[in-house]
$ cat my_file-v8.cif   # mmCIF, C-alpha atoms
data_input
loop_
_atom_site.group_PDB
_atom_site.id
_atom_site.type_symbol
_atom_site.label_atom_id
_atom_site.label_comp_id
_atom_site.auth_asym_id
_atom_site.auth_seq_id
_atom_site.Cartn_x
_atom_site.Cartn_y
_atom_site.Cartn_z
ATOM 1 C CA MET A 853 0.887 19.797 5.738
ATOM 2 C CA THR A 854 3.116 17.184 4.182
ATOM 3 C CA VAL A 855 6.367 16.674 5.930
ATOM 4 C CA ILE A 856 8.299 15.449 2.965
ATOM 5 C CA GLU A 857 7.866 16.438 -0.597
ATOM 6 C CA ARG A 858 5.616 14.036 -2.395
ATOM 7 C CA ARG A 859 7.195 12.153 -5.233
ATOM 8 C CA GLU A 860 5.337 10.075 -7.748
ATOM 9 C CA VAL A 861 3.912 7.248 -5.692
ATOM 10 C CA ALA A 862 4.986 3.786 -6.811
ATOM 11 C CA LEU A 863 2.200 1.554 -8.049
ATOM 12 C CA VAL A 864 3.236 -1.318 -5.756
ATOM 13 C CA ASP A 865 2.913 0.861 -2.689
ATOM 14 C CA LEU A 866 -0.546 1.873 -3.849
ATOM 15 C CA LEU A 867 -1.536 -1.730 -4.464
ATOM 16 C CA ASP A 868 -0.399 -2.720 -0.968
ATOM 17 C CA ARG A 869 -2.884 -0.237 0.389
ATOM 18 C CA LEU A 870 -5.742 -0.145 -2.094
ATOM 19 C CA LEU A 871 -5.989 -3.890 -2.646
ATOM 20 C CA ALA A 872 -5.021 -5.077 0.811
ATOM 21 C CA GLY A 873 -6.087 -2.134 2.986
ATOM 22 C CA GLY A 874 -9.220 -0.070 3.349
ATOM 23 C CA VAL A 875 -12.569 -1.062 4.761
ATOM 24 C CA VAL A 876 -13.967 -4.184 3.140
ATOM 25 C CA ILE A 877 -17.703 -4.015 2.605
ATOM 26 C CA THR A 878 -19.488 -7.162 1.583
ATOM 27 C CA GLY A 879 -23.095 -8.078 1.147
ATOM 28 C CA ASP A 880 -25.870 -8.166 -1.406
ATOM 29 C CA ILE A 881 -25.838 -4.445 -1.889
ATOM 30 C CA THR A 882 -22.307 -4.287 -3.186
ATOM 31 C CA LEU A 883 -21.030 -5.474 -6.487
ATOM 32 C CA ARG A 884 -17.621 -5.797 -5.013
ATOM 33 C CA ILE A 885 -15.731 -8.778 -6.240
ATOM 34 C CA ALA A 886 -15.708 -9.922 -2.685
ATOM 35 C CA ASP A 887 -14.201 -12.845 -0.844
ATOM 36 C CA VAL A 888 -11.202 -13.322 -3.042
ATOM 37 C CA ASP A 889 -7.672 -12.595 -2.147
ATOM 38 C CA LEU A 890 -7.347 -9.705 -4.538
ATOM 39 C CA VAL A 891 -3.701 -9.216 -3.836
ATOM 40 C CA ARG A 892 -2.628 -12.759 -4.642
ATOM 41 C CA ILE A 893 -4.733 -13.266 -7.704
ATOM 42 C CA ASP A 894 -4.228 -9.947 -9.334
ATOM 43 C CA LEU A 895 -0.583 -9.582 -8.564
ATOM 44 C CA ASN A 896 0.081 -12.938 -10.144
ATOM 45 C CA ALA A 897 -1.788 -11.846 -13.235
ATOM 46 C CA LEU A 898 0.033 -8.540 -13.188
ATOM 47 C CA ILE A 899 3.419 -10.090 -12.828
ATOM 48 C CA SER A 900 2.822 -12.233 -15.867
ATOM 49 C CA SER A 901 1.571 -9.239 -17.810
ATOM 50 C CA VAL A 902 4.637 -7.284 -16.743
ATOM 51 C CA ASN A 903 6.888 -10.079 -17.882
ATOM 52 C CA ALA A 904 5.078 -10.203 -21.201
ATOM 53 C CA GLN A 905 5.288 -6.470 -21.763
ATOM 54 C CA VAL A 906 8.590 -5.394 -20.409
ATOM 55 C CA PRO A 907 12.041 -5.390 -20.752
ATOM 56 C CA SER A 908 11.839 -1.740 -19.708
ATOM 57 C CA PRO A 909 12.063 -0.540 -16.103
ATOM 58 C CA TRP A 910 8.813 -0.437 -14.210
ATOM 59 C CA GLU A 911 8.620 3.351 -13.988
ATOM 60 C CA GLU A 912 8.541 3.720 -17.716
ATOM 61 C CA LEU A 913 5.357 1.719 -17.851
ATOM 62 C CA LEU A 914 3.556 4.279 -15.781
ATOM 63 C CA MET B 1036 -30.595 3.186 -13.863
ATOM 64 C CA ILE B 1037 -27.792 5.504 -14.840
ATOM 65 C CA GLY B 1038 -24.472 4.101 -13.749
ATOM 66 C CA LEU B 1039 -23.243 2.451 -10.601
ATOM 67 C CA ARG B 1040 -21.829 4.087 -7.494
ATOM 68 C CA TYR B 1041 -18.133 3.768 -6.773
ATOM 69 C CA VAL B 1042 -17.388 4.668 -3.155
ATOM 70 C CA TYR B 1043 -13.892 5.880 -2.208
ATOM 71 C CA ALA B 1044 -14.284 6.687 1.426
ATOM 72 C CA VAL B 1045 -16.571 7.560 4.291
ATOM 73 C CA CYS B 1046 -15.894 10.710 6.299
ATOM 74 C CA ARG B 1047 -17.496 13.069 8.710
ATOM 75 C CA PRO B 1048 -18.948 16.197 7.078
ATOM 76 C CA PHE B 1049 -16.280 18.755 6.233
ATOM 77 C CA GLY B 1050 -16.567 22.446 5.484
ATOM 78 C CA THR B 1051 -13.753 22.999 3.025
ATOM 79 C CA PRO B 1052 -14.606 22.175 -0.581
ATOM 80 C CA LEU B 1053 -12.657 19.442 -2.311
ATOM 81 C CA GLN B 1054 -9.966 20.529 -4.702
ATOM 82 C CA ALA B 1055 -11.511 21.401 -8.049
ATOM 83 C CA GLN B 1056 -10.644 19.497 -11.222
ATOM 84 C CA LEU B 1057 -10.446 16.166 -9.528
ATOM 85 C CA ALA B 1058 -11.116 13.653 -12.271
ATOM 86 C CA GLY B 1059 -12.108 10.664 -10.171
ATOM 87 C CA VAL B 1060 -12.486 7.045 -11.210
ATOM 88 C CA ALA B 1061 -13.940 6.712 -14.732
ATOM 89 C CA GLY B 1062 -13.429 10.462 -15.100
ATOM 90 C CA ASP B 1063 -16.415 11.269 -12.901
ATOM 91 C CA PRO B 1064 -15.580 13.977 -10.337
ATOM 92 C CA PRO B 1065 -16.314 12.765 -6.805
ATOM 93 C CA ARG B 1066 -19.623 13.773 -5.270
ATOM 94 C CA LEU B 1067 -20.587 13.891 -1.609
ATOM 95 C CA LEU B 1068 -23.510 11.813 -0.439
ATOM 96 C CA HIS B 1069 -24.605 12.948 3.018
ATOM 97 C CA HIS B 1070 -26.497 10.457 5.158
ATOM 98 C CA HIS B 1071 -26.993 10.039 8.915
ATOM 99 C CA GLY B 1072 -24.314 12.596 9.713
ATOM 100 C CA LEU B 1073 -21.697 10.831 7.577
ATOM 101 C CA VAL B 1074 -20.479 11.486 4.059
ATOM 102 C CA ALA B 1075 -19.821 8.883 1.390
ATOM 103 C CA VAL B 1076 -17.533 10.101 -1.366
ATOM 104 C CA VAL B 1077 -18.893 8.684 -4.585
ATOM 105 C CA SER B 1078 -18.363 8.637 -8.350
ATOM 106 C CA HIS B 1079 -20.897 7.545 -10.923
ATOM 107 C CA VAL B 1080 -19.304 4.789 -12.982
ATOM 108 C CA PRO B 1081 -20.554 2.904 -16.027
ATOM 109 C CA GLU B 1082 -21.875 -0.622 -15.663
ATOM 110 C CA ARG B 1083 -19.944 -1.801 -18.673
ATOM 111 C CA ASP B 1084 -16.712 -1.323 -16.709
ATOM 112 C CA PHE B 1085 -17.750 -1.648 -13.077
ATOM 113 C CA ALA B 1086 -20.311 -4.409 -12.941
ATOM 114 C CA GLU B 1087 -18.919 -7.504 -11.298
ATOM 115 C CA GLU B 1088 -17.720 -9.345 -14.373
ATOM 116 C CA PRO B 1089 -16.050 -6.461 -16.259
ATOM 117 C CA LEU B 1090 -14.490 -5.185 -13.033
ATOM 118 C CA ARG B 1091 -12.949 -8.568 -12.351
ATOM 119 C CA ARG B 1092 -11.551 -8.675 -15.857
ATOM 120 C CA HIS B 1093 -10.247 -5.106 -15.689
ATOM 121 C CA LEU B 1094 -8.354 -5.769 -12.483
ATOM 122 C CA GLU B 1095 -6.036 -8.021 -14.421
ATOM 123 C CA ASP B 1096 -5.356 -5.344 -16.978
ATOM 124 C CA LEU B 1097 -2.307 -3.435 -15.859
ATOM 125 C CA ASP B 1098 -3.098 -0.184 -17.671
ATOM 126 C CA TRP B 1099 -6.677 -0.113 -16.475
ATOM 127 C CA LEU B 1100 -5.683 -0.974 -12.927
ATOM 128 C CA THR B 1101 -2.975 1.690 -12.880
ATOM 129 C CA GLY B 1102 -5.374 4.379 -14.048
ATOM 130 C CA THR B 1103 -8.068 3.370 -11.586
ATOM 131 C CA VAL B 1104 -5.691 3.026 -8.656
ATOM 132 C CA ARG B 1105 -4.216 6.467 -9.336
ATOM 133 C CA ALA B 1106 -7.628 8.079 -9.737
ATOM 134 C CA HIS B 1107 -8.792 6.473 -6.499
ATOM 135 C CA GLN B 1108 -5.679 7.620 -4.685
ATOM 136 C CA SER B 1109 -5.955 11.203 -5.967
ATOM 137 C CA VAL B 1110 -9.442 11.465 -4.485
ATOM 138 C CA ILE B 1111 -8.278 10.046 -1.150
ATOM 139 C CA ASP B 1112 -5.329 12.446 -1.226
ATOM 140 C CA ALA B 1113 -7.612 15.413 -1.816
ATOM 141 C CA LEU B 1114 -9.834 14.251 1.052
ATOM 142 C CA THR B 1115 -6.832 13.959 3.324
ATOM 143 C CA VAL B 1116 -6.196 17.675 2.872
ATOM 144 C CA VAL B 1117 -9.630 18.633 4.211
ATOM 145 C CA THR B 1118 -10.529 15.809 6.604
ATOM 146 C CA THR B 1119 -9.532 12.354 7.878
ATOM 147 C CA PRO B 1120 -11.113 9.933 5.408
ATOM 148 C CA LEU B 1121 -11.855 6.302 6.110
ATOM 149 C CA PRO B 1122 -10.773 4.712 2.827
ATOM 150 C CA LEU B 1123 -12.677 1.746 1.420
ATOM 151 C CA ARG B 1124 -11.111 -1.121 -0.480
ATOM 152 C CA LEU B 1125 -10.542 -0.478 -4.176
ATOM 153 C CA GLY B 1126 -13.531 -1.431 -6.287
ATOM 154 C CA THR B 1127 -16.339 -1.010 -3.753
ATOM 155 C CA VAL B 1128 -19.331 -0.520 -6.033
ATOM 156 C CA PHE B 1129 -23.052 -0.144 -5.301
ATOM 157 C CA ARG B 1130 -26.040 -0.266 -7.604
ATOM 158 C CA ASP B 1131 -27.371 3.157 -6.689
ATOM 159 C CA ASP B 1132 -27.397 5.894 -4.064
ATOM 160 C CA SER B 1133 -29.883 4.030 -1.958
ATOM 161 C CA GLY B 1134 -27.477 1.078 -1.764
ATOM 162 C CA VAL B 1135 -24.839 3.455 -0.425
ATOM 163 C CA ARG B 1136 -27.280 4.828 2.138
ATOM 164 C CA VAL B 1137 -28.220 1.353 3.327
ATOM 165 C CA MET B 1138 -24.537 0.525 3.715
ATOM 166 C CA ILE B 1139 -24.004 3.655 5.831
ATOM 167 C CA GLU B 1140 -26.957 2.779 8.037
ATOM 168 C CA GLU B 1141 -25.755 -0.771 8.546
ATOM 169 C CA ARG B 1142 -22.240 0.226 9.507
ATOM 170 C CA GLU B 1143 -22.823 3.595 11.093
ATOM 171 C CA GLU B 1144 -21.512 2.736 14.549
ATOM 172 C CA SER B 1145 -18.438 0.991 13.250
ATOM 173 C CA PHE B 1146 -17.633 3.882 10.905
ATOM 174 C CA ARG B 1147 -17.866 6.370 13.749
ATOM 175 C CA ARG B 1148 -15.625 4.310 16.001
ATOM 176 C CA THR B 1149 -13.015 3.897 13.309
ATOM 177 C CA LEU B 1150 -13.182 7.547 12.275
ATOM 178 C CA ASP B 1151 -12.603 8.521 15.904
ATOM 179 C CA ARG B 1152 -9.629 6.197 16.139
ATOM 180 C CA LEU B 1153 -8.080 7.553 12.952
ATOM 181 C CA GLN B 1154 -8.895 11.211 13.482
ATOM 182 C CA ASP B 1155 -5.834 13.345 12.652
ATOM 183 C CA ARG B 1156 -3.673 10.274 12.106
ATOM 184 C CA VAL B 1157 -1.694 9.465 9.000
ATOM 185 C CA GLU B 1158 0.027 6.356 7.800
ATOM 186 C CA TRP B 1159 3.728 6.170 6.980
ATOM 187 C CA GLY B 1160 5.211 3.351 4.979
ATOM 188 C CA VAL B 1161 8.710 2.083 5.747
ATOM 189 C CA LYS B 1162 10.503 -0.467 3.611
ATOM 190 C CA VAL B 1163 13.891 -2.018 4.200
ATOM 191 C CA TYR B 1164 15.906 -3.584 1.395
ATOM 192 C CA ALA B 1165 18.989 -5.686 1.844
ATOM 193 C CA GLU B 1166 21.418 -5.195 -0.978
ATOM 194 C CA THR B 1167 23.433 -8.274 -0.277
ATOM 195 C CA PRO B 1168 25.486 -9.743 -3.079
ATOM 196 C CA ALA B 1169 24.445 -12.997 -4.658
ATOM 197 C CA PRO B 1170 25.967 -16.066 -2.947
ATOM 198 C CA ASP B 1171 28.435 -16.638 -5.796
ATOM 199 C CA ARG B 1172 29.843 -13.186 -5.545
ATOM 200 C CA ALA B 1173 30.082 -13.357 -1.782
ATOM 201 C CA GLU B 1174 33.255 -15.420 -2.093
ATOM 202 C CA PRO B 1175 36.248 -13.698 -0.578
ATOM 203 C CA ALA B 1176 38.430 -12.001 -3.151
ATOM 204 C CA GLU B 1177 41.465 -14.102 -2.311
ATOM 205 C CA THR B 1178 39.659 -17.314 -3.174
ATOM 206 C CA PRO B 1179 41.692 -19.142 -5.775
ATOM 207 C CA ALA B 1180 39.819 -19.817 -8.972
ATOM 208 C CA ARG B 1181 40.360 -23.534 -8.551
ATOM 209 C CA PRO B 1182 40.541 -25.038 -5.058
ATOM 210 C CA VAL B 1183 43.571 -27.231 -4.599
ATOM 211 C CA SER B 1184 41.741 -30.053 -2.899
ATOM 212 C CA GLY B 1185 38.263 -31.192 -2.068
ATOM 213 C CA ARG B 1186 38.855 -30.301 1.522
ATOM 214 C CA ASP B 1187 39.914 -26.751 0.639
ATOM 215 C CA TYR B 1188 36.933 -26.396 -1.569
ATOM 216 C CA LEU B 1189 34.590 -27.424 1.204
ATOM 217 C CA ARG B 1190 36.255 -25.085 3.644
ATOM 218 C CA GLN B 1191 35.917 -22.164 1.264
ATOM 219 C CA ARG B 1192 32.376 -23.096 0.527
ATOM 220 C CA ARG B 1193 31.525 -23.192 4.236
ATOM 221 C CA GLN B 1194 33.165 -19.816 4.762
ATOM 222 C CA SER B 1195 31.204 -18.299 1.953
ATOM 223 C CA VAL B 1196 27.923 -19.731 3.181
ATOM 224 C CA ARG B 1197 28.707 -18.559 6.674
ATOM 225 C CA SER B 1198 29.465 -14.991 5.674
ATOM 226 C CA HIS B 1199 26.323 -14.947 3.579
ATOM 227 C CA GLU B 1200 24.269 -16.200 6.510
ATOM 228 C CA GLU B 1201 25.814 -13.599 8.764
ATOM 229 C CA MET B 1202 24.797 -10.867 6.365
ATOM 230 C CA TRP B 1203 21.215 -12.079 6.387
ATOM 231 C CA GLN B 1204 21.189 -12.346 10.142
ATOM 232 C CA GLN B 1205 22.463 -8.783 10.388
ATOM 233 C CA ALA B 1206 19.888 -7.609 7.884
ATOM 234 C CA GLU B 1207 17.094 -9.311 9.757
ATOM 235 C CA ALA B 1208 18.270 -7.984 13.070
ATOM 236 C CA PHE B 1209 18.391 -4.475 11.616
ATOM 237 C CA ALA B 1210 14.860 -4.717 10.225
ATOM 238 C CA THR B 1211 13.514 -6.203 13.452
ATOM 239 C CA ARG B 1212 15.142 -3.501 15.550
ATOM 240 C CA LEU B 1213 13.858 -0.754 13.264
ATOM 241 C CA HIS B 1214 10.343 -2.167 13.336
ATOM 242 C CA GLU B 1215 10.418 -2.364 17.130
ATOM 243 C CA THR B 1216 11.645 1.207 17.461
ATOM 244 C CA LEU B 1217 9.079 2.588 15.052
ATOM 245 C CA SER B 1218 6.247 0.504 16.508
ATOM 246 C CA GLY B 1219 7.139 1.870 19.899
ATOM 247 C CA TYR B 1220 6.738 5.388 18.615
ATOM 248 C CA ALA B 1221 3.683 4.833 16.421
ATOM 249 C CA GLU B 1222 0.180 4.201 17.720
ATOM 250 C CA ASP B 1223 -0.209 1.108 15.622
ATOM 251 C CA ALA B 1224 1.719 -0.894 13.052
ATOM 252 C CA ARG B 1225 0.959 -3.351 10.247
ATOM 253 C CA LEU B 1226 3.222 -5.592 8.266
ATOM 254 C CA HIS B 1227 2.569 -5.921 4.555
ATOM 255 C CA ALA B 1228 3.941 -8.806 2.537
ATOM 256 C CA PRO B 1229 7.406 -8.093 1.124
ATOM 257 C CA GLN B 1230 7.097 -6.602 -2.336
ATOM 258 C CA ASN B 1231 7.760 -8.594 -5.438
ATOM 259 C CA PRO B 1232 10.822 -7.143 -7.192
ATOM 260 C CA THR B 1233 9.260 -7.747 -10.604
ATOM 261 C CA LEU B 1234 6.458 -5.374 -9.726
ATOM 262 C CA SER B 1235 8.414 -2.848 -7.718
ATOM 263 C CA GLY B 1236 11.487 -2.768 -9.934
ATOM 264 C CA ALA B 1237 13.457 -2.117 -6.746
ATOM 265 C CA SER B 1238 16.918 -3.528 -6.257
ATOM 266 C CA GLY B 1239 17.779 -5.602 -3.226
ATOM 267 C CA LYS B 1240 15.542 -7.920 -1.285
ATOM 268 C CA ASN B 1241 12.588 -6.348 0.464
ATOM 269 C CA ILE B 1242 12.837 -7.621 4.033
ATOM 270 C CA LEU B 1243 10.485 -5.178 5.756
ATOM 271 C CA ASN B 1244 7.341 -3.620 4.320
ATOM 272 C CA ALA B 1245 5.519 -1.969 7.181
ATOM 273 C CA ALA B 1246 2.952 0.721 7.839
ATOM 274 C CA TYR B 1247 2.781 2.888 10.932
ATOM 275 C CA LEU B 1248 -0.100 4.943 12.251
ATOM 276 C CA VAL B 1249 1.181 8.270 13.528
ATOM 277 C CA PRO B 1250 -0.592 11.405 14.756
ATOM 278 C CA ARG B 1251 -0.253 14.068 12.105
ATOM 279 C CA GLY B 1252 1.399 16.406 14.576
ATOM 280 C CA GLU B 1253 4.116 13.891 15.409
ATOM 281 C CA SER B 1254 4.932 12.998 11.844
ATOM 282 C CA GLU B 1255 7.973 15.197 11.605
ATOM 283 C CA GLU B 1256 9.608 13.400 14.492
ATOM 284 C CA PHE B 1257 8.702 10.034 13.020
ATOM 285 C CA VAL B 1258 10.257 10.975 9.689
ATOM 286 C CA GLU B 1259 13.429 12.126 11.424
ATOM 287 C CA MET B 1260 13.564 8.876 13.324
ATOM 288 C CA VAL B 1261 13.438 6.948 10.059
ATOM 289 C CA ASP B 1262 15.974 9.237 8.426
ATOM 290 C CA ARG B 1263 18.469 8.640 11.201
ATOM 291 C CA THR B 1264 18.524 4.916 10.445
ATOM 292 C CA LYS B 1265 19.526 5.472 6.839
ATOM 293 C CA GLY B 1266 23.143 4.534 6.329
ATOM 294 C CA GLU B 1267 23.323 2.960 9.779
ATOM 295 C CA LEU B 1268 24.234 -0.444 8.371
ATOM 296 C CA PRO B 1269 26.006 -0.845 5.041
ATOM 297 C CA GLY B 1270 24.020 -2.714 2.436
ATOM 298 C CA MET B 1271 20.666 -1.752 3.941
ATOM 299 C CA ARG B 1272 18.353 0.705 2.237
ATOM 300 C CA VAL B 1273 15.481 2.299 4.129
ATOM 301 C CA GLU B 1274 12.659 3.881 2.174
ATOM 302 C CA LEU B 1275 9.883 6.053 3.528
ATOM 303 C CA THR B 1276 6.539 6.706 1.839
ATOM 304 C CA GLY B 1277 3.676 8.900 2.927
ATOM 305 C CA PRO B 1278 1.902 10.491 4.495
ATOM 306 C CA TRP B 1279 -0.933 8.206 3.434
ATOM 307 C CA ALA B 1280 -4.538 8.112 4.502
ATOM 308 C CA ALA B 1281 -4.750 5.326 7.064
ATOM 309 C CA TYR B 1282 -5.474 2.569 4.521
ATOM 310 C CA SER B 1283 -3.684 -0.135 6.450
ATOM 311 C CA PHE B 1284 -5.516 0.676 9.672
ATOM 312 C CA ALA B 1285 -9.032 1.086 8.355
ATOM 313 C CA GLY B 1286 -9.864 -2.573 8.085
ATOM 314 C CA GLU B 1287 -10.203 -3.922 11.537
ATOM 315 C CA GLU B 1288 -11.988 -2.807 14.594
ATOM 316 C CA GLN B 1289 -9.870 -2.330 17.646
ATOM 317 C CA GLN B 1290 -11.339 -1.930 21.048
ATOM 318 C CA PRO B 1291 -9.416 0.575 23.118
#
$ encode --input "my_file-v8.cif" --output "structure tokens"
Amino acid sequence: MTVIERREVALVDLLDRLLAGGVVITGDITLRIADVDLVRIDLNALISSVNAQVPSPWEELL
Amino acid sequence: MIGLRYVYAVCRPFGTPLQAQLAGVAGDPPRLLHHHGLVAVVSHVPERDFAEEPLRRHLEDLDWLTGTVRAHQSVIDALTVVTTPLPLRLGTVFRDDSGVRVMIEEREESFRRTLDRLQDRVEWGVKVYAETPAPDRAEPAETPARPVSGRDYLRQRRQSVRSHEEMWQQAEAFATRLHETLSGYAEDARLHAPQNPTLSGASGKNILNAAYLVPRGESEEFVEMVDRTKGELPGMRVELTGPWAAYSFAGEEQQP
């Protein structure tokens, strides 16, 4: 089925899709942390946590 | 109440069983909740991690986020093998099964329309990086270490700036042309924000981060089209990811 062999998917590519894509469902019935720009907020937090944790290359964190 | 309901995706009913040993978010193997001729793919997750407040906190925890994102993706991947899932945004959580059913009822028509639009389509990601040298190192090799006069210095400086600008113009033109070509072939396209190099660890500047919706059967041709552009322009790196479930095309309704 897959045309190319699947390598380990990079976290950033996943975040582009899982935090910015997908159907957004809001309303009383969900507990979703709705109405915030997930990507902005969390990536900023992540970037600072990366800076705090690393010197190592990103892949080694995973 | 035992746990909350984490919903990965909505699909049409499918005959083939999901791959066994799928851990799922919070280690709870995904279950299928049938309602009104649609299927919600659901895990039972603990309130202590997935209620609003803890979930918000967790999302800023890199290890937790990585684990959850990968678990979510592995379920969507498994679904993609047996059907065309309509993925939901990460962290869509309901109080109980009846909350999930109400959600399906409320959005039934929209789900069906979107599922029809995405049927047998996959998403391909294409990123372009420009590996241009830093401005300082863009100076021509013959540049003397110390300019003889202010005028020479300015001339050299202008030359350097100009060649740097030209590189960027070329890079942009390349990315624009590639995006136009691929958009012309794909059914739909989305631009994501360029990736932050701190997060991606990638070298070069990310100047295109796009997603393309392509019929599964035409994917091979699409991949070849992307492959042909690799090495077309020195200093440009083209990266392909996928096939993905159509995450980037699930969000908005499009009238045909």
$ interface_residues --input "my_file-v8.cif" --of "chain B" --to "chain A" --cutoff "7 Å" --atoms "all atoms listed in the file" --output "list in words"
Ala1086, Glu1087, Arg1091, Leu1094, Glu1095, Leu1097, Pro1122, Leu1123, Arg1124, Leu1125, Gly1126, Thr1127, Val1128, Phe1129, Gly1134, Thr1233, Leu1234, Ser1235, Gly1236, Glu1255, Pro1278, Tyr1282, Ser1283, Ala1285 and Gly1286 of chain B
$ axis_aligned_box --input "my_file-v8.cif" --around "range 1090-1095 of chain B" --padding-each-side "3 Å" --output "AutoDock Vina command-line options"
--center_x -10.3 --center_y -6.9 --center_z -14.1 --size_x 14.5 --size_y 9.6 --size_z 9.5
$ closest_residue --input "my_file-v8.cif" --among "B:Glu1166, B:Glu1253, B:Glu1207, B:Glu1143" --to "Arg1272 in chain B" --atoms "only C-alpha atoms"
B:Glu1166
$ atom_distance --input "my_file-v8.cif" --atom1 "CA of Leu1073 in chain B" --atom2 "CA of Glu1140 in chain B"
9.6 Å
$ resolve_selection --input "my_file-v8.cif" --expression "the PyMOL selection byres ((chain B and resi 1119) around 9)" --output "MDAnalysis selection string"
chainID B and resid 1046:1047 1114:1118 1120:1121 1150 1153:1157 1280:1281
$ write_last_selection --input "my_file-v8.cif" --atoms "C-alpha atoms" --output "short mmCIF file (atom, residue, chain, number, x, y, z; two decimals), in the frame of the given file"
data_model
loop_
_atom_site.label_atom_id
_atom_site.label_comp_id
_atom_site.auth_asym_id
_atom_site.auth_seq_id
_atom_site.Cartn_x
_atom_site.Cartn_y
_atom_site.Cartn_z
CA CYS B 1046 -15.89 10.71 6.30
CA ARG B 1047 -17.50 13.07 8.71
CA LEU B 1114 -9.83 14.25 1.05
CA THR B 1115 -6.83 13.96 3.32
CA VAL B 1116 -6.20 17.68 2.87
CA VAL B 1117 -9.63 18.63 4.21
CA THR B 1118 -10.53 15.81 6.60
CA PRO B 1120 -11.11 9.93 5.41
CA LEU B 1121 -11.86 6.30 6.11
CA LEU B 1150 -13.18 7.55 12.28
CA LEU B 1153 -8.08 7.55 12.95
CA GLN B 1154 -8.90 11.21 13.48
CA ASP B 1155 -5.83 13.34 12.65
CA ARG B 1156 -3.67 10.27 12.11
CA VAL B 1157 -1.69 9.46 9.00
CA ALA B 1280 -4.54 8.11 4.50
CA ALA B 1281 -4.75 5.33 7.06
#
$ atom_distance --input "my_file-v8.cif" --atom1 "CA of Trp1159 in chain B" --atom2 "CA of Leu1217 in chain B"
10.3 Å
$ atom_distance --input "my_file-v8.cif" --atom1 "CA of Glu1267 in chain B" --atom2 "CA of Tyr1164 in chain B"
13.0 Å
$ residues_around --input "my_file-v8.cif" --residues "range 1130-1132 of chain B" --least-positions-apart "3" --cutoff "6 Å" --atoms "all atoms listed in the file" --output "ChimeraX atom specification"
/B:1039-1040,1135
$ residues_around --input "my_file-v8.cif" --residues "Phe1257 in chain B" --least-positions-apart "5" --cutoff "12 Å" --atoms "all atoms listed in the file" --output "ChimeraX atom specification"
/A:855-856 /B:1157-1161,1213,1216-1222,1247-1252,1262-1264,1275-1278
$ residues_around --input "my_file-v8.cif" --residues "Ala1206 in chain B" --least-positions-apart "3" --cutoff "10 Å" --atoms "all atoms listed in the file" --output "PDB file with C-alpha atoms, in the frame of the given file"
ATOM      1  CA  VAL B1163      13.891  -2.018   4.200  1.00  0.00           C
ATOM      2  CA  TYR B1164      15.906  -3.584   1.395  1.00  0.00           C
ATOM      3  CA  ALA B1165      18.989  -5.686   1.844  1.00  0.00           C
ATOM      4  CA  GLU B1166      21.418  -5.195  -0.978  1.00  0.00           C
ATOM      5  CA  THR B1167      23.433  -8.274  -0.277  1.00  0.00           C
ATOM      6  CA  GLU B1200      24.269 -16.200   6.510  1.00  0.00           C
ATOM      7  CA  GLU B1201      25.814 -13.599   8.764  1.00  0.00           C
ATOM      8  CA  MET B1202      24.797 -10.867   6.365  1.00  0.00           C
ATOM      9  CA  TRP B1203      21.215 -12.079   6.387  1.00  0.00           C
ATOM     10  CA  PHE B1209      18.391  -4.475  11.616  1.00  0.00           C
ATOM     11  CA  ALA B1210      14.860  -4.717  10.225  1.00  0.00           C
ATOM     12  CA  THR B1211      13.514  -6.203  13.452  1.00  0.00           C
ATOM     13  CA  ARG B1212      15.142  -3.501  15.550  1.00  0.00           C
ATOM     14  CA  ILE B1242      12.837  -7.621   4.033  1.00  0.00           C
ATOM     15  CA  LEU B1243      10.485  -5.178   5.756  1.00  0.00           C
ATOM     16  CA  LEU B1268      24.234  -0.444   8.371  1.00  0.00           C
ATOM     17  CA  PRO B1269      26.006  -0.845   5.041  1.00  0.00           C
ATOM     18  CA  GLY B1270      24.020  -2.714   2.436  1.00  0.00           C
ATOM     19  CA  MET B1271      20.666  -1.752   3.941  1.00  0.00           C
TER      20      MET B1271
END
$ resolve_selection --input "my_file-v8.cif" --expression "the PyMOL selection byres ((chain B and resi 1110) around 10)" --output "number ranges by chain"
B: 1043-1044, 1053-1054, 1057-1060, 1064-1065, 1076-1077, 1105-1109, 1111-1115
$ build_atoms --input "my_file-v8.cif" --residues "range 869-875 of chain A" --atoms "N, CA and C atoms" --output "mmCIF file, in the frame of the given file"
data_model
loop_
_atom_site.group_PDB
_atom_site.id
_atom_site.type_symbol
_atom_site.label_atom_id
_atom_site.label_comp_id
_atom_site.auth_asym_id
_atom_site.auth_seq_id
_atom_site.Cartn_x
_atom_site.Cartn_y
_atom_site.Cartn_z
ATOM 1 N N ARG A 869 -1.871 -0.899 -0.431
ATOM 2 C CA ARG A 869 -2.884 -0.237 0.389
ATOM 3 C C ARG A 869 -4.285 -0.338 -0.190
ATOM 4 N N LEU A 870 -4.405 -0.165 -1.500
ATOM 5 C CA LEU A 870 -5.742 -0.145 -2.094
ATOM 6 C C LEU A 870 -6.331 -1.541 -2.285
ATOM 7 N N LEU A 871 -5.473 -2.531 -2.464
ATOM 8 C CA LEU A 871 -5.989 -3.890 -2.646
ATOM 9 C C LEU A 871 -5.958 -4.698 -1.360
ATOM 10 N N ALA A 872 -5.106 -4.305 -0.432
ATOM 11 C CA ALA A 872 -5.021 -5.077 0.811
ATOM 12 C C ALA A 872 -5.531 -4.284 2.005
ATOM 13 N N GLY A 873 -5.627 -2.964 1.869
ATOM 14 C CA GLY A 873 -6.087 -2.134 2.986
ATOM 15 C C GLY A 873 -7.486 -1.614 2.718
ATOM 16 N N GLY A 874 -7.895 -0.657 3.525
ATOM 17 C CA GLY A 874 -9.220 -0.070 3.349
ATOM 18 C C GLY A 874 -10.305 -0.941 3.955
ATOM 19 N N VAL A 875 -11.450 -0.331 4.170
ATOM 20 C CA VAL A 875 -12.569 -1.062 4.761
ATOM 21 C C VAL A 875 -13.173 -1.974 3.703
#
